[in-house]
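Enquirer: Take a look at this one; I'll ask things after.
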Amino acid sequence: MSEEGREVTASEKDFRTLFAENKNKVTSAVPFVRSLGFTVTEVTKTKVHGRLPYRDDLVGDPETGVVASGVITTILDSLCGMSCGLKLNAFMPVATLDLRIDYMRPAAPLVDILAEAECYHATRSVCFTRAIAYQGERDRMIASAAAAFAITGRPIDRKAVT
Amino acid sequence: MTQDPPANAGALLSFLEASPFARKMGVSCAVAGDEILATLPFDEMLIGNARIRALHGGAMAAFLELTATARLYLVADLKRPPKIIDITVDYLRQGKAADLFAEASIVKLGRRMASVHAEAWQAERAKPVVALTAHFLVREDDPNAA
């Protein structure tokens, strides 16, 4: 995103652009998210999208090959947390206050799990978020989440993130 | 207790042993009669915030889901792992870079559904870090059931 041919500095870039450009760093900086192989694939104006490739070590019950519910819980919690930044327009430190997940159907084995989250409201101290996980078509939902996050500090220095 | 505890304890432990994700997390479980004590040994992999070295909220919730599931094995004769319906998680304190312990209690065990509450702590049992309530489907509809 450059204007008038001039290089736009990091501080001038809007948060979404910065997030999108550094989406791999954002997930690789979180050990547990990295250990699952979950990555952010797209950052839109209001939503963060991610993908979890199927892996044998994520299976809960080996007889069915279904990915453990705890894995879905983790990616939805993470994605909800990341969506807070889009609403606050900064990398704010947040901590999950509460999390509610409905598991609508077991994830089909061998198929990637896709997810998207949005922060639909933020106050000075709290962010309200929701997310869904699905496979293939967006309406083939496997889980939905609602989570509230406490804003726990000042914005994280953008240089530290990028 | 109407069920035989050792037989169900065996089913519980083999479920944890057979589950790739439970093994990846490193979850272990000690059975004491009809109670359990689950342990999530600290591992760098479980960190969610590297700056403040806090455990990942998802990892803690996943651990409590496993604890709740394990607890159900003890009281219900499960042929298959119970199907999780929903969870509500309360994050009460920051999870520090240390072992996490958990116990679970059955709120209600019905013919088809079960409600289970689980709590995790670190240094002090009286200071829970995370609490979870989960609903499970323990038995599919069976028209021939008594």
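In the structure tokens, each chain is lettered A, B, ... as it comes, each chain's residues begin at 1, and ligands are numbered from 1 in order of appearance.
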From a DSSP pass on the backbone, collect the residues of chain A flagged as strand (DSSP E or B) and hand them back as an MDAnalysis selection string.
Expert: chainID A and resid 3 6 39:43 47:52 59:61 66:67 94:103 113:122 126:134 141:151
Enquirer: Keeping only C-alpha atoms, write the selected residues to a file as a short mmCIF file (atom, residue, chain, number, x, y, z; two decimals), in the first residue's frame.
Expert:
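As written to disk, part-v8.cif reads:
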```cif
data_model
loop_
_atom_site.label_atom_id
_atom_site.label_comp_id
_atom_site.auth_asym_id
_atom_site.auth_seq_id
_atom_site.Cartn_x
_atom_site.Cartn_y
_atom_site.Cartn_z
CA GLU A 3 0.65 6.50 -1.92
CA ARG A 6 6.38 7.18 -1.56
CA THR A 39 -1.97 -20.88 10.00
CA VAL A 40 -3.72 -17.61 9.22
CA THR A 41 -4.63 -17.58 5.54
CA GLU A 42 -6.39 -14.25 5.07
CA VAL A 43 -7.09 -11.05 6.93
CA LYS A 47 -12.36 -11.18 9.79
CA VAL A 48 -9.34 -13.40 10.30
CA HIS A 49 -9.35 -16.67 8.36
CA GLY A 50 -7.25 -19.72 9.12
CA ARG A 51 -6.57 -23.28 8.02
CA LEU A 52 -5.70 -26.43 9.93
CA VAL A 59 -6.82 -37.14 16.16
CA GLY A 60 -8.84 -37.66 19.33
CA ASP A 61 -10.18 -41.15 18.70
CA VAL A 66 -11.79 -37.51 13.93
CA VAL A 67 -9.70 -34.51 15.03
CA VAL A 94 -5.72 -9.76 25.24
CA ALA A 95 -6.59 -12.66 27.54
CA THR A 96 -9.58 -14.96 27.11
CA LEU A 97 -12.23 -14.30 29.76
CA ASP A 98 -14.66 -16.94 28.68
CA LEU A 99 -15.24 -19.19 25.77
CA ARG A 100 -18.31 -21.09 24.65
CA ILE A 101 -18.13 -23.66 21.88
CA ASP A 102 -20.88 -25.68 20.24
CA TYR A 103 -19.62 -28.80 18.46
CA ILE A 113 -10.47 -27.55 8.81
CA LEU A 114 -11.14 -23.92 7.92
CA ALA A 115 -12.08 -21.24 10.42
CA GLU A 116 -12.94 -17.57 10.57
CA ALA A 117 -13.36 -15.15 13.45
CA GLU A 118 -14.52 -11.60 13.95
CA CYS A 119 -14.55 -9.18 16.83
CA TYR A 120 -18.02 -7.68 16.58
CA HIS A 121 -17.75 -5.24 19.45
CA ALA A 122 -15.05 -3.74 21.65
CA VAL A 126 -13.37 -6.01 26.65
CA CYS A 127 -13.59 -7.48 23.13
CA PHE A 128 -16.56 -9.61 22.09
CA THR A 129 -15.81 -12.15 19.37
CA ARG A 130 -17.35 -15.06 17.50
CA ALA A 131 -15.96 -17.69 15.20
CA ILE A 132 -16.90 -20.74 13.15
CA ALA A 133 -15.01 -23.80 11.98
CA TYR A 134 -16.09 -25.65 8.85
CA MET A 141 -20.09 -25.97 10.05
CA ILE A 142 -18.40 -28.27 12.52
CA ALA A 143 -18.25 -25.83 15.45
CA SER A 144 -19.11 -22.30 16.46
CA ALA A 145 -17.57 -20.21 19.21
CA ALA A 146 -18.31 -17.08 21.21
CA ALA A 147 -15.53 -15.63 23.33
CA ALA A 148 -14.93 -12.50 25.38
CA PHE A 149 -11.42 -11.14 25.85
CA ALA A 150 -10.03 -8.76 28.44
CA ILE A 151 -7.68 -6.11 27.10
#
```
Enquirer: What's the 10 Å shell around B:Leu137, counting only C-alpha atoms, without same-chain residues fewer than 4 positions away, as a ChimeraX atom specification?
Expert: /B:81-86,109-115,141
Enquirer: Between A:Gly81, A:Gly70, A:Pro155, A:Pro93, which has the minimum distance to B:Phe63 (counting only C-alpha atoms)?
Expert: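 Of A:Gly81, A:Gly70, A:Pro155, A:Pro93, the one nearest B:Phe63, counting only C-alpha atoms, is A:Gly70.
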Enquirer: To one decimal place, how far is atom CA of A:Pro109 from atom CA of B:Pro20 in Å?
Expert: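 That distance, rounded to one decimal, is 13.7 Å.
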Enquirer: Per residue of chain B within 7 Å of chain A, what are the shortest atom pair and its distance in Å to one decimal, counting only C-alpha atoms, with rows by chain and residue number, as a tab-separated table?
Expert:
```
residue	atom	partner	partner_atom	distance
B:Ala18	CA	A:Pro62	CA	6.8
B:Ser19	CA	A:Gly60	CA	5.1
B:Pro20	CA	A:Asp57	CA	5.1
B:Phe21	CA	A:Leu58	CA	4.9
B:Lys24	CA	A:Asp57	CA	6.7
B:Met45	CA	A:Phe32	CA	5.1
B:Leu46	CA	A:Phe32	CA	4.9
B:Ile47	CA	A:Pro31	CA	5.5
B:Gly48	CA	A:Val30	CA	5.3
B:Asn49	CA	A:Val30	CA	6.2
B:Ala50	CA	A:Val30	CA	6.7
B:His56	CA	A:Phe32	CA	6.6
B:Gly57	CA	A:Thr96	CA	6.9
B:Gly58	CA	A:Thr74	CA	3.8
B:Ala59	CA	A:Thr74	CA	6.3
B:Ala61	CA	A:Gly70	CA	6.8
B:Ala62	CA	A:Gly70	CA	4.0
B:Glu65	CA	A:Gly70	CA	6.8
B:Ile84	CA	A:Tyr103	CA	6.8
B:Ile85	CA	A:Tyr103	CA	5.3
B:Asp86	CA	A:Asp102	CA	4.4
B:Ile87	CA	A:Ile101	CA	5.3
B:Thr88	CA	A:Arg100	CA	4.4
B:Val89	CA	A:Leu99	CA	5.0
B:Asp90	CA	A:Asp98	CA	4.6
B:Tyr91	CA	A:Leu97	CA	5.1
```
Enquirer: Please identify the alpha helix (DSSP H) residues within stretch 30-120 of chain B (assignment by DSSP from backbone atoms) and present them as a ChimeraX atom specification.
Expert: /B:57-75
Enquirer: Would you mind exporting the chosen residues as a PDB file, in the first residue's frame, restricted to N, CA and C atoms?
Expert:
```pdb
ATOM      1  N   GLY B  57      -4.712 -20.687  26.255  1.00  0.00           N
ATOM      2  CA  GLY B  57      -6.074 -20.915  26.737  1.00  0.00           C
ATOM      3  C   GLY B  57      -6.704 -22.139  26.086  1.00  0.00           C
ATOM      4  N   GLY B  58      -6.407 -22.347  24.815  1.00  0.00           N
ATOM      5  CA  GLY B  58      -6.944 -23.502  24.102  1.00  0.00           C
ATOM      6  C   GLY B  58      -6.378 -24.802  24.634  1.00  0.00           C
ATOM      7  N   ALA B  59      -5.097 -24.785  24.993  1.00  0.00           N
ATOM      8  CA  ALA B  59      -4.452 -25.984  25.540  1.00  0.00           C
ATOM      9  C   ALA B  59      -5.078 -26.345  26.887  1.00  0.00           C
ATOM     10  N   MET B  60      -5.350 -25.311  27.697  1.00  0.00           N
ATOM     11  CA  MET B  60      -5.946 -25.565  29.016  1.00  0.00           C
ATOM     12  C   MET B  60      -7.378 -26.081  28.868  1.00  0.00           C
ATOM     13  N   ALA B  61      -8.131 -25.493  27.931  1.00  0.00           N
ATOM     14  CA  ALA B  61      -9.503 -25.955  27.689  1.00  0.00           C
ATOM     15  C   ALA B  61      -9.483 -27.385  27.159  1.00  0.00           C
ATOM     16  N   ALA B  62      -8.552 -27.680  26.259  1.00  0.00           N
ATOM     17  CA  ALA B  62      -8.444 -29.029  25.693  1.00  0.00           C
ATOM     18  C   ALA B  62      -8.123 -30.036  26.799  1.00  0.00           C
ATOM     19  N   PHE B  63      -7.254 -29.639  27.716  1.00  0.00           N
ATOM     20  CA  PHE B  63      -6.897 -30.506  28.855  1.00  0.00           C
ATOM     21  C   PHE B  63      -8.125 -30.771  29.723  1.00  0.00           C
ATOM     22  N   LEU B  64      -8.920 -29.741  29.987  1.00  0.00           N
ATOM     23  CA  LEU B  64     -10.124 -29.936  30.805  1.00  0.00           C
ATOM     24  C   LEU B  64     -11.174 -30.784  30.088  1.00  0.00           C
ATOM     25  N   GLU B  65     -11.240 -30.657  28.761  1.00  0.00           N
ATOM     26  CA  GLU B  65     -12.154 -31.514  27.988  1.00  0.00           C
ATOM     27  C   GLU B  65     -11.758 -32.972  28.152  1.00  0.00           C
ATOM     28  N   LEU B  66     -10.451 -33.222  28.102  1.00  0.00           N
ATOM     29  CA  LEU B  66      -9.963 -34.596  28.272  1.00  0.00           C
ATOM     30  C   LEU B  66     -10.231 -35.093  29.693  1.00  0.00           C
ATOM     31  N   THR B  67     -10.065 -34.205  30.672  1.00  0.00           N
ATOM     32  CA  THR B  67     -10.327 -34.578  32.069  1.00  0.00           C
ATOM     33  C   THR B  67     -11.799 -34.929  32.258  1.00  0.00           C
ATOM     34  N   ALA B  68     -12.677 -34.103  31.685  1.00  0.00           N
ATOM     35  CA  ALA B  68     -14.117 -34.354  31.799  1.00  0.00           C
ATOM     36  C   ALA B  68     -14.487 -35.671  31.125  1.00  0.00           C
ATOM     37  N   THR B  69     -13.885 -35.921  29.960  1.00  0.00           N
ATOM     38  CA  THR B  69     -14.145 -37.169  29.227  1.00  0.00           C
ATOM     39  C   THR B  69     -13.669 -38.370  30.049  1.00  0.00           C
ATOM     40  N   ALA B  70     -12.471 -38.233  30.619  1.00  0.00           N
ATOM     41  CA  ALA B  70     -11.897 -39.326  31.415  1.00  0.00           C
ATOM     42  C   ALA B  70     -12.797 -39.636  32.611  1.00  0.00           C
ATOM     43  N   ARG B  71     -13.314 -38.581  33.240  1.00  0.00           N
ATOM     44  CA  ARG B  71     -14.183 -38.755  34.413  1.00  0.00           C
ATOM     45  C   ARG B  71     -15.449 -39.532  34.040  1.00  0.00           C
ATOM     46  N   LEU B  72     -15.964 -39.264  32.842  1.00  0.00           N
ATOM     47  CA  LEU B  72     -17.178 -39.954  32.389  1.00  0.00           C
ATOM     48  C   LEU B  72     -16.934 -41.450  32.216  1.00  0.00           C
ATOM     49  N   TYR B  73     -15.736 -41.797  31.763  1.00  0.00           N
ATOM     50  CA  TYR B  73     -15.400 -43.217  31.589  1.00  0.00           C
ATOM     51  C   TYR B  73     -15.547 -43.989  32.896  1.00  0.00           C
ATOM     52  N   LEU B  74     -15.246 -43.307  34.013  1.00  0.00           N
ATOM     53  CA  LEU B  74     -15.288 -43.981  35.308  1.00  0.00           C
ATOM     54  C   LEU B  74     -16.700 -44.313  35.762  1.00  0.00           C
ATOM     55  N   VAL B  75     -17.653 -43.451  35.414  1.00  0.00           N
ATOM     56  CA  VAL B  75     -19.002 -43.634  35.961  1.00  0.00           C
ATOM     57  C   VAL B  75     -20.000 -44.208  34.966  1.00  0.00           C
TER      58      VAL B  75
END
```
